[in-house]
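Okay, coords-v9.cif now, which holds mmCIF, C-alpha atoms:
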```cif
data_data
#
loop_
_atom_site.group_PDB
_atom_site.id
_atom_site.type_symbol
_atom_site.label_atom_id
_atom_site.label_comp_id
_atom_site.auth_asym_id
_atom_site.auth_seq_id
_atom_site.Cartn_x
_atom_site.Cartn_y
_atom_site.Cartn_z
ATOM 1 C CA MET A 186 0.000 0.000 0.000
ATOM 2 C CA ARG A 187 1.487 3.320 -1.101
ATOM 3 C CA VAL A 188 1.457 6.136 1.442
ATOM 4 C CA LEU A 189 2.900 9.585 0.853
ATOM 5 C CA THR A 190 5.069 11.327 3.406
ATOM 6 C CA TRP A 191 3.996 14.732 4.742
ATOM 7 C CA LYS A 192 6.604 16.277 2.446
ATOM 8 C CA GLU A 193 5.324 14.422 -0.623
ATOM 9 C CA ALA A 194 1.693 15.300 0.131
ATOM 10 C CA SER A 195 2.664 18.965 0.511
ATOM 11 C CA LYS A 196 4.525 18.770 -2.782
ATOM 12 C CA PHE A 197 1.345 17.624 -4.546
ATOM 13 C CA VAL A 198 -0.493 20.706 -3.273
ATOM 14 C CA LYS A 199 2.348 22.994 -4.358
ATOM 15 C CA VAL A 200 2.645 21.400 -7.789
ATOM 16 C CA ALA A 201 -1.120 21.667 -8.336
ATOM 17 C CA ASP A 202 -0.950 25.348 -7.404
ATOM 18 C CA LYS A 203 1.970 25.937 -9.745
ATOM 19 C CA ARG A 204 0.228 24.211 -12.653
ATOM 20 C CA GLY A 205 -2.837 26.398 -12.123
ATOM 21 C CA ASN A 206 -5.536 23.890 -13.138
ATOM 22 C CA TRP A 207 -8.452 24.638 -10.805
ATOM 23 C CA ARG A 208 -9.775 21.045 -10.894
ATOM 24 C CA GLU A 209 -6.392 19.660 -9.848
ATOM 25 C CA ARG A 210 -6.100 22.230 -7.073
ATOM 26 C CA VAL A 211 -9.601 21.493 -5.769
ATOM 27 C CA TYR A 212 -9.268 17.714 -6.029
ATOM 28 C CA ILE A 213 -5.940 17.547 -4.186
ATOM 29 C CA ARG A 214 -7.191 19.779 -1.373
ATOM 30 C CA LEU A 215 -10.413 17.805 -0.988
ATOM 31 C CA ALA A 216 -8.578 14.466 -1.103
ATOM 32 C CA LEU A 217 -5.899 15.445 1.419
ATOM 33 C CA GLY A 218 -8.250 17.575 3.517
ATOM 34 C CA THR A 219 -11.002 14.978 3.948
ATOM 35 C CA GLY A 220 -9.531 11.525 3.313
ATOM 36 C CA GLN A 221 -12.592 10.540 1.312
ATOM 37 C CA ARG A 222 -12.715 8.061 -1.560
ATOM 38 C CA PRO A 223 -12.094 9.444 -5.051
ATOM 39 C CA GLY A 224 -15.660 8.665 -6.153
ATOM 40 C CA ALA A 225 -17.142 10.527 -3.190
ATOM 41 C CA ILE A 226 -15.061 13.593 -4.014
ATOM 42 C CA CYS A 227 -15.922 13.506 -7.724
ATOM 43 C CA GLU A 228 -19.651 13.090 -7.018
ATOM 44 C CA LEU A 229 -19.748 15.851 -4.385
ATOM 45 C CA ARG A 230 -22.568 18.374 -4.917
ATOM 46 C CA TRP A 231 -22.976 21.849 -3.512
ATOM 47 C CA ASP A 232 -26.109 20.823 -1.601
ATOM 48 C CA GLN A 233 -23.902 18.486 0.480
ATOM 49 C CA VAL A 234 -21.874 21.433 1.779
ATOM 50 C CA ASP A 235 -23.204 23.135 4.914
ATOM 51 C CA THR A 236 -21.441 26.496 5.166
ATOM 52 C CA VAL A 237 -23.192 27.403 8.444
ATOM 53 C CA ASN A 238 -22.004 24.322 10.349
ATOM 54 C CA GLU A 239 -18.877 24.011 8.186
ATOM 55 C CA THR A 240 -19.444 20.368 7.255
ATOM 56 C CA ILE A 241 -19.582 18.265 4.126
ATOM 57 C CA ASP A 242 -21.978 15.341 4.088
ATOM 58 C CA PHE A 243 -20.399 12.711 1.862
ATOM 59 C CA ARG A 244 -22.928 10.121 3.070
ATOM 60 C CA THR A 245 -25.332 8.530 0.621
ATOM 61 C CA ASN A 246 -28.335 6.240 0.799
ATOM 62 C CA ASP A 247 -27.104 4.285 -2.217
ATOM 63 C CA VAL A 248 -26.497 0.751 -0.892
ATOM 64 C CA ARG A 249 -24.249 -0.002 -3.879
ATOM 65 C CA LYS A 250 -21.660 2.468 -2.597
ATOM 66 C CA LYS A 251 -19.305 2.050 0.334
ATOM 67 C CA ARG A 252 -20.036 3.988 3.511
ATOM 68 C CA ARG A 253 -19.147 7.646 3.541
ATOM 69 C CA ALA A 254 -18.669 10.217 6.276
ATOM 70 C CA LEU A 255 -19.840 13.582 7.524
ATOM 71 C CA VAL A 256 -16.666 15.681 7.583
ATOM 72 C CA THR A 257 -15.895 19.028 9.173
ATOM 73 C CA VAL A 258 -14.377 21.646 6.892
ATOM 74 C CA ASN A 259 -10.769 22.612 7.605
ATOM 75 C CA ALA A 260 -8.820 25.528 6.123
ATOM 76 C CA MET A 261 -7.557 23.541 3.134
ATOM 77 C CA VAL A 262 -11.062 22.297 2.268
ATOM 78 C CA LYS A 263 -12.488 25.786 2.705
ATOM 79 C CA GLU A 264 -9.895 27.039 0.213
ATOM 80 C CA ALA A 265 -10.861 24.273 -2.237
ATOM 81 C CA LEU A 266 -14.558 25.115 -1.953
ATOM 82 C CA ALA A 267 -13.917 28.818 -2.570
ATOM 83 C CA LEU A 268 -11.813 28.001 -5.613
ATOM 84 C CA ALA A 269 -14.456 25.621 -6.973
ATOM 85 C CA LYS A 270 -17.202 28.188 -6.360
ATOM 86 C CA ALA A 271 -15.379 30.623 -8.648
ATOM 87 C CA HIS A 272 -15.571 28.029 -11.458
ATOM 88 C CA THR A 273 -18.982 26.537 -10.810
ATOM 89 C CA ASP A 274 -21.799 26.488 -13.293
ATOM 90 C CA GLY A 275 -23.739 23.532 -11.948
ATOM 91 C CA ASP A 276 -24.599 21.242 -9.063
ATOM 92 C CA TYR A 277 -21.226 19.515 -8.753
ATOM 93 C CA ILE A 278 -18.114 20.895 -7.123
ATOM 94 C CA LEU A 279 -15.784 19.119 -9.550
ATOM 95 C CA HIS A 280 -17.516 19.264 -12.876
ATOM 96 C CA TRP A 281 -16.878 19.082 -16.566
ATOM 97 C CA SER A 282 -19.544 20.799 -18.678
ATOM 98 C CA GLY A 283 -22.083 20.528 -15.856
ATOM 99 C CA LYS A 284 -21.528 16.803 -15.176
ATOM 100 C CA HIS A 285 -19.516 15.518 -12.250
ATOM 101 C CA LEU A 286 -15.947 14.501 -12.862
ATOM 102 C CA LYS A 287 -15.965 10.763 -13.526
ATOM 103 C CA ASP A 288 -12.390 9.770 -12.841
ATOM 104 C CA PRO A 289 -9.537 11.770 -11.289
ATOM 105 C CA ARG A 290 -6.823 9.309 -12.381
ATOM 106 C CA TRP A 291 -5.672 11.468 -15.302
ATOM 107 C CA MET A 292 -5.244 14.481 -12.999
ATOM 108 C CA VAL A 293 -3.339 12.504 -10.402
ATOM 109 C CA ARG A 294 -1.145 10.915 -13.075
ATOM 110 C CA GLU A 295 -0.207 14.358 -14.455
ATOM 111 C CA LEU A 296 0.426 15.767 -10.989
ATOM 112 C CA SER A 297 2.496 12.712 -10.102
ATOM 113 C CA LYS A 298 4.690 13.259 -13.160
ATOM 114 C CA ALA A 299 5.045 16.978 -12.428
ATOM 115 C CA ALA A 300 5.884 16.317 -8.766
ATOM 116 C CA LYS A 301 8.275 13.496 -9.742
ATOM 117 C CA ILE A 302 6.589 11.210 -7.221
ATOM 118 C CA PRO A 303 5.916 7.791 -8.791
ATOM 119 C CA ASP A 304 3.186 5.223 -8.201
ATOM 120 C CA VAL A 305 0.446 7.569 -7.015
ATOM 121 C CA THR A 306 -3.217 6.836 -7.675
ATOM 122 C CA PRO A 307 -6.240 8.776 -6.402
ATOM 123 C CA HIS A 308 -6.767 6.263 -3.579
ATOM 124 C CA VAL A 309 -3.230 6.868 -2.299
ATOM 125 C CA PHE A 310 -4.417 10.180 -0.846
ATOM 126 C CA ARG A 311 -6.976 8.351 1.320
ATOM 127 C CA HIS A 312 -4.290 5.944 2.547
ATOM 128 C CA THR A 313 -1.991 8.887 3.181
ATOM 129 C CA VAL A 314 -4.511 10.845 5.246
ATOM 130 C CA ALA A 315 -5.388 7.853 7.405
ATOM 131 C CA SER A 316 -1.822 6.654 7.877
ATOM 132 C CA LEU A 317 -0.333 10.064 8.644
ATOM 133 C CA LEU A 318 -3.076 10.872 11.148
ATOM 134 C CA LEU A 319 -2.629 7.532 12.913
ATOM 135 C CA GLN A 320 1.166 7.817 12.861
ATOM 136 C CA GLY A 321 0.778 11.262 14.391
ATOM 137 C CA GLY A 322 -1.150 9.826 17.326
ATOM 138 C CA GLU A 323 -4.682 10.725 16.263
ATOM 139 C CA ASP A 324 -7.391 8.656 17.907
ATOM 140 C CA LEU A 325 -8.218 5.464 15.971
ATOM 141 C CA LEU A 326 -11.973 5.951 16.411
ATOM 142 C CA LYS A 327 -11.838 9.496 15.026
ATOM 143 C CA VAL A 328 -9.851 8.423 11.968
ATOM 144 C CA SER A 329 -12.236 5.514 11.463
ATOM 145 C CA ARG A 330 -15.237 7.848 11.487
ATOM 146 C CA LEU A 331 -13.484 10.313 9.174
ATOM 147 C CA LEU A 332 -13.051 7.511 6.651
ATOM 148 C CA GLY A 333 -16.676 6.400 7.034
ATOM 149 C CA HIS A 334 -15.784 2.984 8.431
ATOM 150 C CA SER A 335 -18.382 1.098 10.454
ATOM 151 C CA SER A 336 -15.733 -0.170 12.883
ATOM 152 C CA THR A 337 -12.197 0.621 13.929
ATOM 153 C CA HIS A 338 -11.140 -2.890 12.908
ATOM 154 C CA ILE A 339 -11.171 -1.936 9.214
ATOM 155 C CA THR A 340 -9.174 1.227 9.887
ATOM 156 C CA GLU A 341 -6.651 -0.578 12.031
ATOM 157 C CA THR A 342 -6.006 -3.486 9.686
ATOM 158 C CA VAL A 343 -5.933 -1.516 6.438
ATOM 159 C CA TYR A 344 -4.518 1.892 7.359
ATOM 160 C CA PHE A 345 -2.530 1.523 10.565
ATOM 161 C CA GLN A 346 0.776 1.179 8.710
ATOM 162 C CA HIS A 347 3.914 2.609 10.243
ATOM 163 C CA PRO A 348 7.431 3.054 8.951
ATOM 164 C CA PRO A 349 10.124 1.205 10.919
ATOM 165 C CA SER A 350 11.263 4.520 12.449
ATOM 166 C CA TRP A 351 7.903 4.745 14.250
ATOM 167 C CA LEU A 352 9.071 2.145 16.784
ATOM 168 C CA LYS A 353 12.409 3.837 17.443
ATOM 169 C CA ASP A 354 11.309 5.485 20.687
ATOM 170 C CA THR A 355 9.913 2.157 21.854
ATOM 171 C CA THR A 356 12.932 0.049 20.977
ATOM 172 C CA SER A 357 15.287 2.655 22.404
ATOM 173 C CA LYS A 358 13.854 1.816 25.846
ATOM 174 C CA LEU A 359 15.150 -1.742 25.552
ATOM 175 C CA LYS A 360 18.392 -1.222 27.481
ATOM 176 C CA PHE A 361 19.444 -4.085 29.698
#
```

Could you show the structure in this file as structure tokens?
Amino acid sequence: MRVLTWKEASKFVKVADKRGNWRERVYIRLALGTGQRPGAICELRWDQVDTVNETIDFRTNDVRKKRRALVTVNAMVKEALALAKAHTDGDYILHWSGKHLKDPRWMVRELSKAAKIPDVTPHVFRHTVASLLLQGGEDLLKVSRLLGHSSTHITETVYFQHPPSWLKDTTSKLKF
């Protein structure tokens, strides 16, 4: 499972800004600012954004889709929404001629090339958000709910990946 470092994730945001494509800039900020699945981000409509309570309701009643979450808006997501609003002519935040963006793979592929960071797919951003939050000590239950998981077991087994350096403070205590 590919996970970006903090530095690599930041580089994606900077590269998207430098390239100037508003869809790339919005997608990257929404992906790294919410940790949601690529499909949930592409299908996001303006009526799912609550500016008063500063939340985005990614949840859906469609049983064919995986569970989604209600997410609070952070500064990066707020920036993405403002940028998208300046380019909106329809119901969807990320749109192409009024229809929601179907697949962000082409954007991520181009950004990956420009950033010189290989092997990045749209789902890598979800893995990155979850893994970096957990590595940083964020509560497992909170990360699980952010991702829309029904239990922490899924979050723990799939996303609780740590680099070997994570255990350094623990193994350093083993002095006999």

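For the structure shown here, the set of residues caught by the PyMOL selection byres ((chain A and resi 314) around 8) is Leu217, Gly218, Thr219, Gly220, Phe310, Arg311, His312, Thr313, Ala315, Ser316, Leu317 and Leu318 of chain A.
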
>> Env of A:Asp274: 8 Å cut, atoms = only C-alpha atoms, seq-sep filter 2 positions within chain, self excluded. Answer as a ChimeraX atom specification.
In response: /A:272,276,283

The PyMOL selection byres ((chain A and resi 244) around 8) applied to the shown file, residues as a PDB file with C-alpha atoms, keeping the file's coordinate frame:
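The file below, part.pdb, is the result:
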```pdb
ATOM      1  CA  ASP A 242     -21.978  15.341   4.088  1.00  0.00           C
ATOM      2  CA  PHE A 243     -20.399  12.711   1.862  1.00  0.00           C
ATOM      3  CA  THR A 245     -25.332   8.530   0.621  1.00  0.00           C
ATOM      4  CA  ASN A 246     -28.335   6.240   0.799  1.00  0.00           C
ATOM      5  CA  ARG A 252     -20.036   3.988   3.511  1.00  0.00           C
ATOM      6  CA  ARG A 253     -19.147   7.646   3.541  1.00  0.00           C
ATOM      7  CA  ALA A 254     -18.669  10.217   6.276  1.00  0.00           C
ATOM      8  CA  LEU A 255     -19.840  13.582   7.524  1.00  0.00           C
TER       9      LEU A 255
END
```

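Of the residues under consideration (A:Ser282, A:Asn238, A:Gln221, A:Val293), A:Gln221 shows the shortest atom-to-atom contact distance to A:His334 when counting all atoms listed in the file.
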
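Shortest atom-to-atom contact with A:Lys251 among A:Arg330, A:Arg290, A:Arg204, A:Arg222: A:Arg222, counting only C-alpha atoms.
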
Resolved residues for the PyMOL selection byres ((chain A and resi 325) around 10) as a PDB file with C-alpha atoms, in the coordinates of the input:
```pdb
ATOM      1  CA  ALA A 315      -5.388   7.853   7.405  1.00  0.00           C
ATOM      2  CA  LEU A 318      -3.076  10.872  11.148  1.00  0.00           C
ATOM      3  CA  LEU A 319      -2.629   7.532  12.913  1.00  0.00           C
ATOM      4  CA  GLY A 322      -1.150   9.826  17.326  1.00  0.00           C
ATOM      5  CA  GLU A 323      -4.682  10.725  16.263  1.00  0.00           C
ATOM      6  CA  ASP A 324      -7.391   8.656  17.907  1.00  0.00           C
ATOM      7  CA  LEU A 326     -11.973   5.951  16.411  1.00  0.00           C
ATOM      8  CA  LYS A 327     -11.838   9.496  15.026  1.00  0.00           C
ATOM      9  CA  VAL A 328      -9.851   8.423  11.968  1.00  0.00           C
ATOM     10  CA  SER A 329     -12.236   5.514  11.463  1.00  0.00           C
ATOM     11  CA  ARG A 330     -15.237   7.848  11.487  1.00  0.00           C
ATOM     12  CA  LEU A 331     -13.484  10.313   9.174  1.00  0.00           C
ATOM     13  CA  SER A 336     -15.733  -0.170  12.883  1.00  0.00           C
ATOM     14  CA  THR A 337     -12.197   0.621  13.929  1.00  0.00           C
ATOM     15  CA  HIS A 338     -11.140  -2.890  12.908  1.00  0.00           C
ATOM     16  CA  THR A 340      -9.174   1.227   9.887  1.00  0.00           C
ATOM     17  CA  GLU A 341      -6.651  -0.578  12.031  1.00  0.00           C
ATOM     18  CA  PHE A 345      -2.530   1.523  10.565  1.00  0.00           C
TER      19      PHE A 345
END
```

>> Residues within 12 Å of A:Leu266, please, as a PyMOL selection string. Count only C-alpha atoms; anything in the same chain fewer than 2 positions from it doesn't count.
In response: chain A and resi 207-208+210-215+218+226+229-231+233-236+239-241+258-264+268-273+277-279

Same residues, C-alpha atoms, saved as a PDB file, in the coordinates of the input:
```pdb
ATOM      1  CA  TRP A 207      -8.452  24.638 -10.805  1.00  0.00           C
ATOM      2  CA  ARG A 208      -9.775  21.045 -10.894  1.00  0.00           C
ATOM      3  CA  ARG A 210      -6.100  22.230  -7.073  1.00  0.00           C
ATOM      4  CA  VAL A 211      -9.601  21.493  -5.769  1.00  0.00           C
ATOM      5  CA  TYR A 212      -9.268  17.714  -6.029  1.00  0.00           C
ATOM      6  CA  ILE A 213      -5.940  17.547  -4.186  1.00  0.00           C
ATOM      7  CA  ARG A 214      -7.191  19.779  -1.373  1.00  0.00           C
ATOM      8  CA  LEU A 215     -10.413  17.805  -0.988  1.00  0.00           C
ATOM      9  CA  GLY A 218      -8.250  17.575   3.517  1.00  0.00           C
ATOM     10  CA  ILE A 226     -15.061  13.593  -4.014  1.00  0.00           C
ATOM     11  CA  LEU A 229     -19.748  15.851  -4.385  1.00  0.00           C
ATOM     12  CA  ARG A 230     -22.568  18.374  -4.917  1.00  0.00           C
ATOM     13  CA  TRP A 231     -22.976  21.849  -3.512  1.00  0.00           C
ATOM     14  CA  GLN A 233     -23.902  18.486   0.480  1.00  0.00           C
ATOM     15  CA  VAL A 234     -21.874  21.433   1.779  1.00  0.00           C
ATOM     16  CA  ASP A 235     -23.204  23.135   4.914  1.00  0.00           C
ATOM     17  CA  THR A 236     -21.441  26.496   5.166  1.00  0.00           C
ATOM     18  CA  GLU A 239     -18.877  24.011   8.186  1.00  0.00           C
ATOM     19  CA  THR A 240     -19.444  20.368   7.255  1.00  0.00           C
ATOM     20  CA  ILE A 241     -19.582  18.265   4.126  1.00  0.00           C
ATOM     21  CA  VAL A 258     -14.377  21.646   6.892  1.00  0.00           C
ATOM     22  CA  ASN A 259     -10.769  22.612   7.605  1.00  0.00           C
ATOM     23  CA  ALA A 260      -8.820  25.528   6.123  1.00  0.00           C
ATOM     24  CA  MET A 261      -7.557  23.541   3.134  1.00  0.00           C
ATOM     25  CA  VAL A 262     -11.062  22.297   2.268  1.00  0.00           C
ATOM     26  CA  LYS A 263     -12.488  25.786   2.705  1.00  0.00           C
ATOM     27  CA  GLU A 264      -9.895  27.039   0.213  1.00  0.00           C
ATOM     28  CA  LEU A 268     -11.813  28.001  -5.613  1.00  0.00           C
ATOM     29  CA  ALA A 269     -14.456  25.621  -6.973  1.00  0.00           C
ATOM     30  CA  LYS A 270     -17.202  28.188  -6.360  1.00  0.00           C
ATOM     31  CA  ALA A 271     -15.379  30.623  -8.648  1.00  0.00           C
ATOM     32  CA  HIS A 272     -15.571  28.029 -11.458  1.00  0.00           C
ATOM     33  CA  THR A 273     -18.982  26.537 -10.810  1.00  0.00           C
ATOM     34  CA  TYR A 277     -21.226  19.515  -8.753  1.00  0.00           C
ATOM     35  CA  ILE A 278     -18.114  20.895  -7.123  1.00  0.00           C
ATOM     36  CA  LEU A 279     -15.784  19.119  -9.550  1.00  0.00           C
TER      37      LEU A 279
END
```

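From atom CA of A:Lys301 back to atom CA of A:Lys203, the distance works out to 13.9 Å.
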
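Taking atom CA of A:Ser335 as the reference point, atom CA of A:Arg187 is found at 23.1 Å.
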
>> Would you compute the distance between atom CA of A:Pro303 and atom CA of A:Gly333? Give it in Å to one decimal.
In response: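 Value for the atom CA of A:Pro303-atom CA of A:Gly333 distance: 27.6 Å.
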
Within 10 Å of stretch 195-199 of chain A, which residues of stretch 286-309 of chain A show up? Give each one with its shortest atom-to-atom distance in Å (one decimal) and the two atoms involved, counting only C-alpha atoms, rows by chain then rising residue number, as a tab-separated table.
```
residue	atom	partner	partner_atom	distance
A:Val293	CA	A:Phe197	CA	9.1
A:Leu296	CA	A:Phe197	CA	6.8
A:Ser297	CA	A:Phe197	CA	7.5
A:Ala299	CA	A:Phe197	CA	8.7
A:Ala300	CA	A:Phe197	CA	6.3
A:Lys301	CA	A:Lys196	CA	9.5
A:Ile302	CA	A:Phe197	CA	8.7
```

File for stretch 295-309 of chain A (N, CA and C atoms), as an mmCIF file, in the first residue's frame:
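File produced: selection21.cif:
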```
data_model
loop_
_atom_site.group_PDB
_atom_site.id
_atom_site.type_symbol
_atom_site.label_atom_id
_atom_site.label_comp_id
_atom_site.auth_asym_id
_atom_site.auth_seq_id
_atom_site.Cartn_x
_atom_site.Cartn_y
_atom_site.Cartn_z
ATOM 1 N N GLU A 295 -0.938 13.175 -14.009
ATOM 2 C CA GLU A 295 -0.207 14.358 -14.455
ATOM 3 C C GLU A 295 0.495 15.058 -13.293
ATOM 4 N N LEU A 296 -0.195 15.153 -12.166
ATOM 5 C CA LEU A 296 0.426 15.767 -10.989
ATOM 6 C C LEU A 296 1.596 14.933 -10.484
ATOM 7 N N SER A 297 1.438 13.623 -10.534
ATOM 8 C CA SER A 297 2.496 12.712 -10.102
ATOM 9 C C SER A 297 3.754 12.898 -10.956
ATOM 10 N N LYS A 298 3.554 13.020 -12.255
ATOM 11 C CA LYS A 298 4.690 13.259 -13.160
ATOM 12 C C LYS A 298 5.350 14.607 -12.840
ATOM 13 N N ALA A 299 4.519 15.638 -12.689
ATOM 14 C CA ALA A 299 5.045 16.978 -12.428
ATOM 15 C C ALA A 299 5.771 17.057 -11.084
ATOM 16 N N ALA A 300 5.276 16.316 -10.097
ATOM 17 C CA ALA A 300 5.884 16.317 -8.766
ATOM 18 C C ALA A 300 7.081 15.369 -8.682
ATOM 19 N N LYS A 301 7.226 14.527 -9.720
ATOM 20 C CA LYS A 301 8.275 13.496 -9.742
ATOM 21 C C LYS A 301 8.141 12.547 -8.552
ATOM 22 N N ILE A 302 6.888 12.183 -8.279
ATOM 23 C CA ILE A 302 6.589 11.210 -7.221
ATOM 24 C C ILE A 302 5.850 10.060 -7.894
ATOM 25 N N PRO A 303 6.515 8.913 -8.048
ATOM 26 C CA PRO A 303 5.916 7.791 -8.791
ATOM 27 C C PRO A 303 4.866 7.003 -8.011
ATOM 28 N N ASP A 304 4.124 6.208 -8.755
ATOM 29 C CA ASP A 304 3.186 5.223 -8.201
ATOM 30 C C ASP A 304 2.090 5.832 -7.326
ATOM 31 N N VAL A 305 1.524 6.929 -7.781
ATOM 32 C CA VAL A 305 0.446 7.569 -7.015
ATOM 33 C C VAL A 305 -0.857 7.447 -7.796
ATOM 34 N N THR A 306 -1.863 6.930 -7.124
ATOM 35 C CA THR A 306 -3.217 6.836 -7.675
ATOM 36 C C THR A 306 -4.130 7.698 -6.807
ATOM 37 N N PRO A 307 -5.347 7.971 -7.232
ATOM 38 C CA PRO A 307 -6.240 8.776 -6.402
ATOM 39 C C PRO A 307 -6.476 8.194 -5.003
ATOM 40 N N HIS A 308 -6.492 6.873 -4.895
ATOM 41 C CA HIS A 308 -6.767 6.263 -3.579
ATOM 42 C C HIS A 308 -5.585 6.401 -2.621
ATOM 43 N N VAL A 309 -4.410 6.675 -3.150
ATOM 44 C CA VAL A 309 -3.230 6.868 -2.299
ATOM 45 C C VAL A 309 -3.448 8.024 -1.322
#
```
